[in-house]
>>> print(open('model17.csv').read())   # CSV, C-alpha atoms
chain,number,residue,atom,x,y,z
A,1,MET,CA,41.5,-42.5,-186.7
A,2,GLU,CA,40.9,-40.3,-183.6
A,3,ARG,CA,37.4,-40.8,-182.4
A,4,THR,CA,34.7,-38.2,-181.9
A,5,ILE,CA,32.0,-39.2,-179.4
A,6,LEU,CA,28.9,-37.1,-178.6
A,7,HIS,CA,27.0,-37.4,-175.3
A,8,MET,CA,23.6,-35.8,-174.9
A,9,ASP,CA,21.5,-35.7,-171.8
A,10,LEU,CA,18.0,-34.3,-171.4
A,11,ASP,CA,18.2,-32.0,-168.4
A,12,THR,CA,16.0,-33.0,-165.4
A,13,PHE,CA,14.0,-35.0,-168.0
A,14,PHE,CA,10.9,-35.9,-166.0
A,15,VAL,CA,10.6,-32.4,-164.5
A,16,SER,CA,11.1,-30.8,-167.9
A,17,VAL,CA,8.3,-32.9,-169.4
A,18,GLU,CA,6.0,-31.9,-166.6
A,19,ARG,CA,6.9,-28.2,-167.1
A,20,LYS,CA,6.2,-28.7,-170.8
A,21,LEU,CA,2.7,-29.9,-169.9
A,22,ASP,CA,2.1,-27.2,-167.3
A,23,SER,CA,4.1,-24.0,-167.5
A,24,ARG,CA,3.0,-22.9,-164.0
A,25,LEU,CA,5.7,-25.3,-162.7
A,26,ASN,CA,8.5,-23.2,-164.3
A,27,ASP,CA,11.1,-21.8,-161.9
A,28,LEU,CA,9.5,-23.6,-158.9
A,29,PRO,CA,11.0,-26.5,-156.9
A,30,VAL,CA,9.5,-29.7,-158.4
A,31,LEU,CA,10.0,-33.3,-157.4
A,32,VAL,CA,8.9,-36.3,-159.5
A,33,GLY,CA,8.6,-39.7,-157.8
A,34,GLY,CA,6.7,-41.7,-155.2
A,35,THR,CA,4.3,-39.4,-153.3
A,36,GLY,CA,4.1,-41.5,-150.1
A,37,ASP,CA,6.6,-41.4,-147.2
A,38,ARG,CA,8.3,-44.5,-148.8
A,39,GLY,CA,8.4,-43.0,-152.2
A,40,VAL,CA,11.7,-42.1,-153.8
A,41,VAL,CA,12.7,-39.0,-155.7
A,42,SER,CA,13.1,-39.9,-159.4
A,43,ALA,CA,13.9,-36.4,-160.6
A,44,ALA,CA,14.5,-33.0,-158.9
A,45,SER,CA,14.5,-29.6,-160.5
A,46,TYR,CA,17.5,-27.4,-160.1
A,47,GLU,CA,15.4,-25.2,-157.8
A,48,ALA,CA,14.9,-28.1,-155.5
A,49,ARG,CA,18.6,-29.2,-155.7
A,50,LYS,CA,19.5,-25.9,-154.0
A,51,PHE,CA,18.0,-27.5,-150.9
A,52,ASN,CA,20.3,-30.6,-151.3
A,53,VAL,CA,17.5,-32.7,-152.7
A,54,HIS,CA,18.6,-35.2,-155.3
A,55,SER,CA,17.3,-38.3,-157.2
A,56,GLY,CA,17.3,-41.5,-155.2
A,57,MET,CA,16.6,-39.6,-152.0
A,58,SER,CA,13.6,-40.7,-149.8
A,59,MET,CA,10.6,-38.4,-150.6
A,60,LYS,CA,10.1,-38.1,-146.8
A,61,VAL,CA,13.5,-36.6,-146.4
A,62,ALA,CA,13.1,-34.5,-149.5
A,63,ARG,CA,10.0,-32.9,-148.0
A,64,LEU,CA,12.0,-32.0,-144.9
A,65,TYR,CA,14.7,-30.4,-146.9
A,66,CYS,CA,12.4,-28.6,-149.3
A,67,PRO,CA,8.9,-28.3,-147.7
A,68,GLU,CA,7.7,-26.0,-150.5
A,69,ALA,CA,8.5,-28.4,-153.3
A,70,ILE,CA,5.7,-29.4,-155.6
A,71,ILE,CA,5.5,-33.2,-155.7
A,72,ILE,CA,4.3,-35.0,-158.8
A,73,LYS,CA,3.8,-38.8,-159.1
A,74,GLY,CA,5.0,-38.9,-162.7
A,75,ASN,CA,3.7,-40.8,-165.8
A,76,ALA,CA,6.1,-43.3,-167.4
A,77,ALA,CA,4.0,-43.5,-170.5
A,78,VAL,CA,4.2,-39.8,-171.2
A,79,TYR,CA,7.9,-39.7,-170.5
A,80,SER,CA,8.5,-42.6,-172.9
A,81,ASP,CA,6.6,-40.7,-175.6
A,82,TYR,CA,8.9,-37.7,-175.3
A,83,SER,CA,11.9,-39.9,-175.1
A,84,ARG,CA,10.8,-41.6,-178.3
A,85,MET,CA,10.4,-38.2,-180.0
A,86,VAL,CA,14.0,-37.3,-179.2
A,87,THR,CA,15.2,-40.7,-180.2
A,88,GLU,CA,13.6,-40.5,-183.6
A,89,ILE,CA,15.2,-37.1,-184.3
A,90,LEU,CA,18.6,-38.5,-183.4
A,91,LYS,CA,18.1,-41.7,-185.4
A,92,GLU,CA,17.4,-39.8,-188.6
A,93,ARG,CA,20.5,-37.6,-188.2
A,94,VAL,CA,23.4,-39.5,-186.7
A,95,PRO,CA,25.4,-42.4,-188.1
A,96,ILE,CA,25.6,-44.6,-184.9
A,97,LEU,CA,23.3,-43.9,-181.9
A,98,GLU,CA,23.3,-45.6,-178.5
A,99,LYS,CA,20.4,-44.9,-176.2
A,100,ALA,CA,21.9,-45.4,-172.8
A,101,SER,CA,18.8,-44.6,-170.8
A,102,VAL,CA,15.4,-42.9,-171.3
A,103,ASP,CA,17.1,-39.5,-171.3
A,104,GLU,CA,20.7,-40.1,-172.3
A,105,PHE,CA,22.3,-40.8,-175.7
A,106,TYR,CA,25.7,-41.4,-177.2
A,107,ALA,CA,26.6,-40.9,-180.9
A,108,ASP,CA,29.8,-41.8,-182.8
A,109,PHE,CA,30.7,-38.9,-185.2
A,110,THR,CA,34.2,-40.3,-186.0
A,111,GLY,CA,35.3,-39.1,-189.5
A,112,MET,CA,32.5,-36.6,-189.9
A,113,ASP,CA,34.9,-33.6,-189.4
A,114,LYS,CA,36.3,-34.3,-192.9
A,115,HIS,CA,32.9,-33.4,-194.3
A,116,TYR,CA,31.2,-31.2,-191.7
A,117,GLY,CA,32.3,-29.7,-188.3
A,118,CYS,CA,31.2,-32.3,-185.7
A,119,PHE,CA,30.6,-29.8,-182.9
A,120,LYS,CA,28.7,-27.5,-185.3
A,121,TYR,CA,26.5,-30.3,-186.5
A,122,ALA,CA,25.9,-31.5,-182.9
A,123,SER,CA,25.0,-28.0,-181.9
A,124,GLU,CA,22.5,-27.7,-184.7
A,125,LEU,CA,21.1,-31.1,-183.7
A,126,ARG,CA,20.6,-29.9,-180.2
A,127,ASP,CA,18.8,-26.8,-181.4
A,128,THR,CA,16.5,-29.1,-183.5
A,129,ILE,CA,15.6,-31.2,-180.4
A,130,ILE,CA,14.9,-28.1,-178.3
A,131,ASN,CA,12.7,-26.5,-181.1
A,132,GLU,CA,10.8,-29.7,-181.9
A,133,THR,CA,10.2,-31.0,-178.4
A,134,GLY,CA,10.5,-27.9,-176.2
A,135,LEU,CA,12.8,-29.8,-173.8
A,136,PRO,CA,16.2,-28.6,-172.6
A,137,ILE,CA,19.2,-30.8,-173.5
A,138,SER,CA,22.9,-30.6,-172.9
A,139,LEU,CA,25.8,-32.1,-174.8
A,140,GLY,CA,29.4,-32.9,-174.4
A,141,MET,CA,31.9,-33.9,-177.1
A,142,SER,CA,35.4,-35.5,-176.9
A,143,ILE,CA,37.4,-38.5,-178.0
A,144,ASN,CA,35.6,-41.0,-175.8
A,145,LYS,CA,32.4,-41.7,-173.8
A,146,THR,CA,33.8,-41.0,-170.4
A,147,VAL,CA,35.1,-37.5,-171.1
A,148,SER,CA,32.0,-36.6,-173.1
A,149,LYS,CA,29.7,-37.6,-170.3
A,150,VAL,CA,31.7,-35.7,-167.7
A,151,ALA,CA,31.7,-32.7,-170.0
A,152,THR,CA,27.9,-32.8,-170.4
A,153,ASN,CA,27.5,-33.0,-166.6
A,154,GLU,CA,29.8,-30.0,-166.1
A,155,ILE,CA,28.1,-27.8,-168.6
A,156,LYS,CA,24.5,-28.4,-167.4
A,157,PRO,CA,21.8,-27.1,-167.5
A,158,ASN,CA,20.9,-26.6,-171.2
A,159,ASN,CA,24.4,-26.0,-172.6
A,160,LYS,CA,27.2,-27.5,-174.7
A,161,LEU,CA,30.9,-28.1,-174.3
A,162,ARG,CA,33.6,-29.6,-176.5
A,163,ILE,CA,36.8,-30.9,-175.0
A,164,GLU,CA,39.5,-30.5,-177.6
A,165,PRO,CA,41.7,-33.5,-178.4
A,166,GLY,CA,44.8,-33.5,-176.2
A,167,THR,CA,43.2,-31.5,-173.4
A,168,GLU,CA,41.2,-34.3,-171.8
A,169,LYS,CA,43.5,-35.0,-168.8
A,170,ASN,CA,43.8,-31.3,-168.0
A,171,PHE,CA,40.0,-31.0,-168.2
A,172,LEU,CA,39.4,-33.9,-165.8
A,173,ALA,CA,42.3,-33.2,-163.4
A,174,PRO,CA,40.7,-30.5,-161.1
A,175,LEU,CA,37.3,-32.2,-160.8
A,176,SER,CA,36.1,-34.3,-157.9
A,177,VAL,CA,36.8,-38.0,-158.4
A,178,ARG,CA,33.1,-38.4,-157.8
A,179,LYS,CA,32.6,-36.9,-161.2
A,180,ILE,CA,33.9,-40.1,-162.9
A,181,PRO,CA,30.8,-42.0,-163.9
A,182,MET,CA,31.8,-45.3,-162.3
A,183,VAL,CA,32.5,-43.8,-158.8
A,184,GLY,CA,29.6,-44.4,-156.4
A,185,GLU,CA,29.2,-43.3,-152.8
A,186,ASN,CA,31.1,-46.3,-151.3
A,187,THR,CA,34.0,-46.0,-153.7
A,188,PHE,CA,34.2,-42.3,-153.1
A,189,HIS,CA,34.5,-42.7,-149.4
A,190,THR,CA,37.2,-45.4,-149.9
A,191,LEU,CA,39.2,-43.0,-152.1
A,192,CYS,CA,38.8,-40.1,-149.6
A,193,ASN,CA,40.2,-42.3,-146.8
A,194,LEU,CA,43.3,-42.7,-149.1
A,195,GLY,CA,43.5,-38.9,-149.6
A,196,VAL,CA,42.3,-39.2,-153.2
A,197,LYS,CA,39.7,-36.5,-153.7
A,198,ILE,CA,40.2,-35.1,-157.1
A,199,VAL,CA,40.9,-36.8,-160.5
A,200,LYS,CA,44.5,-35.4,-160.5
A,201,ASN,CA,45.2,-37.6,-157.4
A,202,VAL,CA,44.2,-40.7,-159.4
A,203,GLN,CA,46.2,-39.6,-162.4
A,204,ASP,CA,49.3,-39.3,-160.3
A,205,LEU,CA,48.9,-42.7,-158.7
A,206,PRO,CA,50.6,-45.8,-160.2
A,207,LYS,CA,47.8,-47.9,-161.6
A,208,ASP,CA,49.0,-51.0,-159.6
A,209,VAL,CA,48.5,-49.0,-156.3
A,210,ILE,CA,44.8,-48.2,-157.0
A,211,SER,CA,44.3,-51.7,-158.4
A,212,SER,CA,45.5,-53.2,-155.1
A,213,VAL,CA,42.8,-51.2,-153.3
A,214,LEU,CA,39.9,-51.5,-155.7
A,215,GLY,CA,40.8,-54.5,-157.8
A,216,LYS,CA,39.6,-54.5,-161.4
A,217,ASN,CA,37.5,-51.4,-160.6
A,218,GLY,CA,40.7,-49.6,-159.6
A,219,LEU,CA,42.3,-50.2,-163.0
A,220,SER,CA,39.1,-49.1,-164.8
A,221,LEU,CA,39.0,-45.9,-162.6
A,222,TRP,CA,42.7,-45.2,-163.3
A,223,GLN,CA,42.1,-45.5,-167.1
A,224,LYS,CA,39.0,-43.3,-167.0
A,225,ALA,CA,40.8,-40.7,-164.9
A,226,ASN,CA,43.5,-40.6,-167.5
A,227,ALA,CA,40.9,-40.2,-170.3
A,228,LEU,CA,41.5,-43.8,-171.6
A,229,ASP,CA,38.2,-45.3,-172.7
A,230,ASN,CA,37.8,-47.3,-175.9
A,231,SER,CA,34.3,-48.5,-175.2
A,232,PRO,CA,32.3,-48.4,-178.4
A,233,VAL,CA,28.9,-46.7,-179.0
A,234,VAL,CA,26.5,-49.7,-179.0
A,235,GLU,CA,23.4,-49.4,-181.0
A,236,TYR,CA,21.2,-52.0,-179.3
A,237,HIS,CA,21.2,-53.6,-175.9
A,238,GLU,CA,19.7,-57.1,-175.8
A,239,ARG,CA,17.7,-57.6,-172.6
A,240,LYS,CA,18.7,-60.7,-170.7
A,241,SER,CA,16.3,-60.3,-167.8
A,242,ILE,CA,13.0,-58.6,-166.9
A,243,SER,CA,11.7,-57.9,-163.5
A,244,ASN,CA,9.0,-56.2,-161.4
A,245,GLU,CA,9.0,-55.0,-157.8
A,246,ARG,CA,6.5,-53.6,-155.4
A,247,THR,CA,7.2,-51.6,-152.3
A,248,PHE,CA,4.3,-51.6,-150.0
A,249,GLY,CA,3.0,-48.4,-148.4
A,250,LYS,CA,3.0,-50.1,-145.1
A,251,ASP,CA,4.9,-53.2,-144.0
A,252,THR,CA,2.6,-56.2,-144.1
A,253,THR,CA,2.2,-59.8,-143.1
A,254,ASP,CA,-1.0,-60.2,-145.1
A,255,VAL,CA,-0.1,-63.4,-146.9
A,256,SER,CA,-3.1,-63.0,-149.2
A,257,LYS,CA,-1.9,-59.6,-150.3
A,258,LEU,CA,1.6,-60.8,-150.8
A,259,LYS,CA,0.6,-63.8,-152.9
A,260,THR,CA,-1.8,-61.7,-155.0
A,261,THR,CA,1.0,-59.2,-155.8
A,262,ILE,CA,3.6,-61.9,-156.5
A,263,GLU,CA,1.3,-63.8,-158.8
A,264,ALA,CA,0.1,-60.7,-160.7
A,265,MET,CA,3.8,-59.7,-161.3
A,266,ALA,CA,4.6,-63.2,-162.6
A,267,GLU,CA,1.6,-63.1,-164.9
A,268,GLN,CA,2.5,-59.8,-166.2
A,269,LEU,CA,6.2,-60.7,-166.9
A,270,THR,CA,5.1,-63.9,-168.6
A,271,TYR,CA,2.9,-62.0,-170.9
A,272,GLN,CA,5.8,-59.7,-171.7
A,273,LEU,CA,7.9,-62.7,-172.6
A,274,ARG,CA,5.4,-64.0,-175.1
A,275,SER,CA,4.8,-60.5,-176.6
A,276,GLY,CA,8.5,-60.2,-177.3
A,277,GLY,CA,8.9,-63.7,-178.7
A,278,LYS,CA,11.1,-64.7,-175.8
A,279,ILE,CA,11.5,-67.5,-173.3
A,280,ALA,CA,13.2,-67.6,-169.9
A,281,GLY,CA,15.4,-70.2,-168.3
A,282,CYS,CA,15.6,-68.9,-164.7
A,283,ILE,CA,13.1,-67.5,-162.2
A,284,SER,CA,13.9,-65.4,-159.1
A,285,VAL,CA,11.8,-64.1,-156.2
A,286,LYS,CA,12.9,-61.4,-153.8
A,287,ILE,CA,11.6,-60.4,-150.4
A,288,ARG,CA,12.8,-57.4,-148.4
A,289,TYR,CA,11.6,-57.3,-144.8
A,290,SER,CA,11.0,-54.3,-142.6
A,291,ASP,CA,14.5,-54.4,-141.2
A,292,PHE,CA,15.8,-54.0,-144.8
A,293,ASN,CA,17.3,-57.5,-144.8
A,294,THR,CA,16.7,-58.8,-148.4
A,295,TYR,CA,16.6,-62.4,-149.5
A,296,SER,CA,16.2,-64.0,-152.9
A,297,LYS,CA,15.9,-67.4,-154.3
A,298,GLN,CA,16.1,-68.6,-157.9
A,299,SER,CA,15.5,-71.7,-159.8
A,300,ARG,CA,16.5,-73.0,-163.3
A,301,ILE,CA,13.6,-74.2,-165.4
A,302,ALA,CA,13.2,-75.6,-168.9
A,303,TYR,CA,12.9,-72.6,-171.2
A,304,SER,CA,9.3,-71.4,-171.2
A,305,SER,CA,6.9,-68.4,-171.4
A,306,ALA,CA,3.8,-70.3,-170.3
A,307,ASP,CA,1.7,-69.1,-167.3
A,308,HIS,CA,1.0,-72.6,-166.1
A,309,ILE,CA,4.7,-73.3,-165.8
A,310,MET,CA,6.1,-69.9,-164.7
A,311,ILE,CA,3.5,-68.8,-162.2
A,312,PRO,CA,3.5,-72.1,-160.0
A,313,LYS,CA,7.3,-72.0,-159.9
A,314,VAL,CA,7.2,-68.3,-158.8
A,315,MET,CA,4.7,-69.2,-156.0
A,316,GLU,CA,6.8,-72.2,-155.0
A,317,LEU,CA,9.9,-70.0,-154.6
A,318,PHE,CA,7.9,-67.4,-152.6
A,319,GLU,CA,6.5,-70.1,-150.2
A,320,SER,CA,10.0,-71.5,-149.6
A,321,LEU,CA,11.5,-68.0,-149.0
A,322,TYR,CA,8.8,-66.3,-147.0
A,323,ASN,CA,9.1,-66.0,-143.2
A,324,LYS,CA,5.6,-65.5,-141.9
A,325,ARG,CA,6.6,-64.0,-138.7
A,326,LEU,CA,8.3,-60.9,-140.2
A,327,LEU,CA,6.8,-57.8,-141.8
A,328,VAL,CA,7.4,-57.5,-145.5
A,329,ARG,CA,8.5,-54.2,-147.1
A,330,LEU,CA,9.1,-55.2,-150.8
A,331,VAL,CA,8.5,-58.2,-153.1
A,332,GLY,CA,9.9,-58.8,-156.5
A,333,VAL,CA,9.9,-61.3,-159.4
A,334,LYS,CA,12.6,-61.6,-162.0
A,335,TYR,CA,12.9,-63.7,-165.2
A,336,SER,CA,16.5,-64.1,-166.5
A,337,ASP,CA,18.5,-66.1,-169.0
A,338,ILE,CA,16.2,-64.9,-171.7
A,339,THR,CA,16.5,-65.9,-175.3
A,340,SER,CA,14.4,-65.8,-178.4
A,341,GLY,CA,11.9,-68.5,-178.9
A,342,SER,CA,8.4,-69.6,-178.1
A,343,TYR,CA,7.0,-72.0,-175.6
A,344,GLN,CA,7.0,-75.7,-176.8
A,345,LEU,CA,3.9,-77.5,-175.8
A,346,SER,CA,4.3,-81.0,-174.2
A,347,ILE,CA,2.8,-84.0,-175.9
A,348,PHE,CA,1.0,-84.6,-172.6
A,349,GLU,CA,-0.9,-81.3,-172.7
A,350,ASP,CA,-4.0,-80.4,-174.7
A,351,ALA,CA,-1.8,-78.5,-177.2
A,352,ARG,CA,-4.6,-76.8,-179.2
A,353,LYS,CA,-6.6,-75.7,-176.1
A,354,THR,CA,-3.5,-74.3,-174.3
A,355,ALA,CA,-2.1,-72.5,-177.4
A,356,ASN,CA,-5.5,-71.0,-178.2
A,357,LEU,CA,-6.0,-69.8,-174.7
A,358,TYR,CA,-2.7,-67.9,-174.5
A,359,SER,CA,-3.2,-66.5,-178.0
A,360,GLY,CA,-6.7,-65.2,-177.2
A,361,MET,CA,-5.7,-63.7,-173.9
A,362,ASP,CA,-2.7,-61.9,-175.4
A,363,LYS,CA,-4.7,-60.5,-178.3
A,364,ILE,CA,-7.1,-58.9,-175.8
A,365,ARG,CA,-4.2,-57.6,-173.8
A,366,ASP,CA,-2.5,-56.2,-176.8
A,367,ARG,CA,-5.6,-54.3,-177.7
A,368,TYR,CA,-7.1,-53.2,-174.4
A,369,GLY,CA,-4.1,-53.2,-172.0
A,370,ALA,CA,-2.0,-55.7,-170.1
A,371,ARG,CA,-4.4,-56.0,-167.2
A,372,SER,CA,-7.6,-56.3,-169.3
A,373,VAL,CA,-7.4,-60.0,-168.8
A,374,MET,CA,-6.2,-61.5,-165.6
A,375,ARG,CA,-6.6,-64.5,-163.3
A,376,ALA,CA,-9.2,-64.2,-160.6
A,377,SER,CA,-6.5,-64.7,-158.1
A,378,THR,CA,-4.6,-61.6,-159.2
A,379,PHE,CA,-7.7,-59.3,-159.4
A,380,GLY,CA,-6.7,-57.5,-156.2
A,381,ALA,CA,-3.5,-56.2,-157.9
A,382,ARG,CA,-4.8,-54.4,-160.9
A,383,SER,CA,-2.0,-51.9,-161.1
A,384,ILE,CA,1.4,-53.5,-161.0
A,385,GLY,CA,3.4,-51.6,-163.6
A,386,GLY,CA,5.5,-53.2,-166.3
A,387,ILE,CA,3.1,-52.3,-169.1
A,388,SER,CA,5.7,-51.5,-171.8
A,389,ASN,CA,7.4,-53.9,-174.2
A,390,PRO,CA,10.8,-54.6,-172.5
A,391,PHE,CA,12.3,-56.0,-175.8
A,392,ASN,CA,11.9,-53.0,-178.1
A,393,GLY,CA,15.6,-52.0,-177.7
A,394,GLU,CA,14.6,-49.0,-175.5
A,395,PRO,CA,16.0,-48.6,-172.0
A,396,PRO,CA,13.2,-48.8,-169.3
A,397,THR,CA,11.7,-45.6,-168.0
A,398,VAL,CA,12.6,-46.0,-164.3
A,399,LEU,CA,10.4,-44.2,-161.9
A,400,ALA,CA,10.4,-44.5,-158.1
A,401,HIS,CA,9.3,-47.9,-156.7
A,402,ARG,CA,5.6,-48.2,-157.0
A,403,THR,CA,3.7,-48.6,-153.7
A,404,SER,CA,0.4,-50.3,-152.9
>>> encode(input="model17.csv", output="structure tokens")
Amino acid sequence: MERTILHMDLDTFFVSVERKLDSRLNDLPVLVGGTGDRGVVSAASYEARKFNVHSGMSMKVARLYCPEAIIIKGNAAVYSDYSRMVTEILKERVPILEKASVDEFYADFTGMDKHYGCFKYASELRDTIINETGLPISLGMSINKTVSKVATNEIKPNNKLRIEPGTEKNFLAPLSVRKIPMVGENTFHTLCNLGVKIVKNVQDLPKDVISSVLGKNGLSLWQKANALDNSPVVEYHERKSISNERTFGKDTTDVSKLKTTIEAMAEQLTYQLRSGGKIAGCISVKIRYSDFNTYSKQSRIAYSSADHIMIPKVMELFESLYNKRLLVRLVGVKYSDITSGSYQLSIFEDARKTANLYSGMDKIRDRYGARSVMRASTFGARSIGGISNPFNGEPPTVLAHRTS
């Protein structure tokens, strides 16, 4: 059976939520992201994009391009609430839903045309979201995820487009090859050097030629350019890693500050593991210096979610990685190889005391907030992010890197 795949994307989501909360921001250039010079633009309104400002750009550069922009730090919790509202509307009304990110969704409508027009139903669904949340949203519909996503991006803002079966290649052909979702900046430059600038150029190439240049990615690009994409709509993404990073407002060699931040992030991530009923088998620490050279070190451990095991290992990795003579720009901690389970106490530990301690601490955190209980050694890093449950099946709400 020919598939029918819907893609929906909340337009400039963070900006739209801020405008929902404050209508004075309507029609003005708005940027959401880190407010300091080292901040990054997380979202830019269409008014700001006219000045060549885009997400991922340094906020310092964005200010130069668009000095009249209104800059808002952003609130991940509020954005998550609105994302959840949209998710609930969709969950109740579509057969198979994939939440690809906080503001992006796929749904599989295959077979629904026999009973109800798919595009008509999707259009009504879009109207429901707009009416109930007040947020603009665009949609694209086609036979697969790639073409539907491209269609959505082409019809933005706040609009809809269906690509009729059999017309997918013609729709893609005149577009810039940069419009294919998998094509990043480096790949785009490589293709331009080959004279490949629009999708039609890729369609006309033998697939072995582009594969010889880009390897497996080349074959994938050729398939997507030719509207060949059988990837399914996946209802749930199991998290295999969790992490936290901190970009400092000013490069530092303050080892006390670095250790406090690293330990606080490790403590927070370990609490998240326990809250989700998970254990991790690998720990990584990352350091980025002022020259942007980035180094990381990881270590395998016996599966655990216990502070007294995880935190010392994190600090050990940091000590072995840190070069005290260089200014540090960013530090990060990551737990990976995550699986379901709970920490098994050793026969050499005071089992009851340790279990009761973690249980009591976590109950207080669950009720009053993740940083309501903390080690004295991490008190100087009260705000470190990562407060949401990373194992609830929802994609993370990604804002700009936090700064001290």
>>> closest_residue(input="model17.csv", among="A:Val333, A:Leu10, A:Leu191, A:Val102", to="Leu135 in chain A", atoms="all atoms listed in the file")
A:Leu10
>>> residues_near_point(input="model17.csv", point="(25.0, -32.8, -190.0)", cutoff="7 Å", atoms="all atoms listed in the file", output="PDB file with C-alpha atoms, in the frame of the given file")
ATOM      1  CA  ARG A  93      20.500 -37.600-188.200  1.00  0.00           C
ATOM      2  CA  TYR A 116      31.200 -31.200-191.700  1.00  0.00           C
ATOM      3  CA  TYR A 121      26.500 -30.300-186.500  1.00  0.00           C
TER       4      TYR A 121
END
>>> residues_around(input="model17.csv", residues="range 141-156 of chain A", least_positions_apart="3", cutoff="9 Å", atoms="all atoms listed in the file", output="PyMOL selection string")
chain A and resi 2-9+11+106+110+118-119+122+137-138+159-165+168+171-172+179-181+224-225+227-233
>>> closest_residue(input="model17.csv", among="A:Thr87, A:Asn193, A:Ser58, A:Asn158", to="Glu132 in chain A", atoms="all atoms listed in the file")
A:Thr87
>>> residues_around(input="model17.csv", residues="Val213 in chain A", least_positions_apart="5", cutoff="10 Å", atoms="only C-alpha atoms", output="VMD selection string")
chain A and resid 190 to 191 194 208 218 to 219
>>> closest_residue(input="model17.csv", among="A:Ile279, A:Val314, A:Met57, A:Leu28", to="Ser45 in chain A", atoms="all atoms listed in the file")
A:Leu28
>>> atom_distance(input="model17.csv", atom1="CA of Lys278 in chain A", atom2="CA of Arg365 in chain A")
17.0 Å
>>> closest_residue(input="model17.csv", among="A:Val209, A:Phe318, A:Lys257, A:Ser340", to="Leu273 in chain A", atoms="only C-alpha atoms")
A:Ser340
>>> atom_distance(input="model17.csv", atom1="CA of Tyr335 in chain A", atom2="CA of Leu258 in chain A")
18.5 Å
>>> atom_distance(input="model17.csv", atom1="CA of Trp222 in chain A", atom2="CA of Ser101 in chain A")
25.1 Å
>>> build_atoms(input="model17.csv", residues="range 15-27 of chain A", atoms="N, CA and C atoms", output="mmCIF file, in the coordinates of the input")
data_model
loop_
_atom_site.group_PDB
_atom_site.id
_atom_site.type_symbol
_atom_site.label_atom_id
_atom_site.label_comp_id
_atom_site.auth_asym_id
_atom_site.auth_seq_id
_atom_site.Cartn_x
_atom_site.Cartn_y
_atom_site.Cartn_z
ATOM 1 N N VAL A 15 11.084 -33.728 -164.901
ATOM 2 C CA VAL A 15 10.600 -32.400 -164.500
ATOM 3 C C VAL A 15 10.369 -31.536 -165.747
ATOM 4 N N SER A 16 11.259 -31.606 -166.707
ATOM 5 C CA SER A 16 11.100 -30.800 -167.900
ATOM 6 C C SER A 16 9.852 -31.162 -168.693
ATOM 7 N N VAL A 17 9.519 -32.459 -168.727
ATOM 8 C CA VAL A 17 8.300 -32.900 -169.400
ATOM 9 C C VAL A 17 7.075 -32.324 -168.653
ATOM 10 N N GLU A 18 7.099 -32.408 -167.332
ATOM 11 C CA GLU A 18 6.000 -31.900 -166.600
ATOM 12 C C GLU A 18 5.821 -30.367 -166.772
ATOM 13 N N ARG A 19 6.927 -29.662 -166.894
ATOM 14 C CA ARG A 19 6.900 -28.200 -167.100
ATOM 15 C C ARG A 19 6.380 -27.924 -168.566
ATOM 16 N N LYS A 20 6.710 -28.801 -169.484
ATOM 17 C CA LYS A 20 6.200 -28.700 -170.800
ATOM 18 C C LYS A 20 4.686 -28.765 -170.868
ATOM 19 N N LEU A 21 4.160 -29.654 -170.026
ATOM 20 C CA LEU A 21 2.700 -29.900 -169.900
ATOM 21 C C LEU A 21 2.012 -28.817 -169.104
ATOM 22 N N ASP A 22 2.734 -28.222 -168.149
ATOM 23 C CA ASP A 22 2.100 -27.200 -167.300
ATOM 24 C C ASP A 22 3.179 -26.146 -166.954
ATOM 25 N N SER A 23 3.113 -25.038 -167.663
ATOM 26 C CA SER A 23 4.100 -24.000 -167.500
ATOM 27 C C SER A 23 4.098 -23.308 -166.165
ATOM 28 N N ARG A 24 3.052 -23.530 -165.372
ATOM 29 C CA ARG A 24 3.000 -22.900 -164.000
ATOM 30 C C ARG A 24 4.081 -23.526 -163.115
ATOM 31 N N LEU A 25 4.669 -24.645 -163.527
ATOM 32 C CA LEU A 25 5.700 -25.300 -162.700
ATOM 33 C C LEU A 25 7.096 -24.651 -162.986
ATOM 34 N N ASN A 26 7.201 -23.791 -163.997
ATOM 35 C CA ASN A 26 8.500 -23.200 -164.300
ATOM 36 C C ASN A 26 9.027 -22.376 -163.141
ATOM 37 N N ASP A 27 10.319 -22.517 -162.908
ATOM 38 C CA ASP A 27 11.100 -21.800 -161.900
ATOM 39 C C ASP A 27 10.653 -22.154 -160.448
#
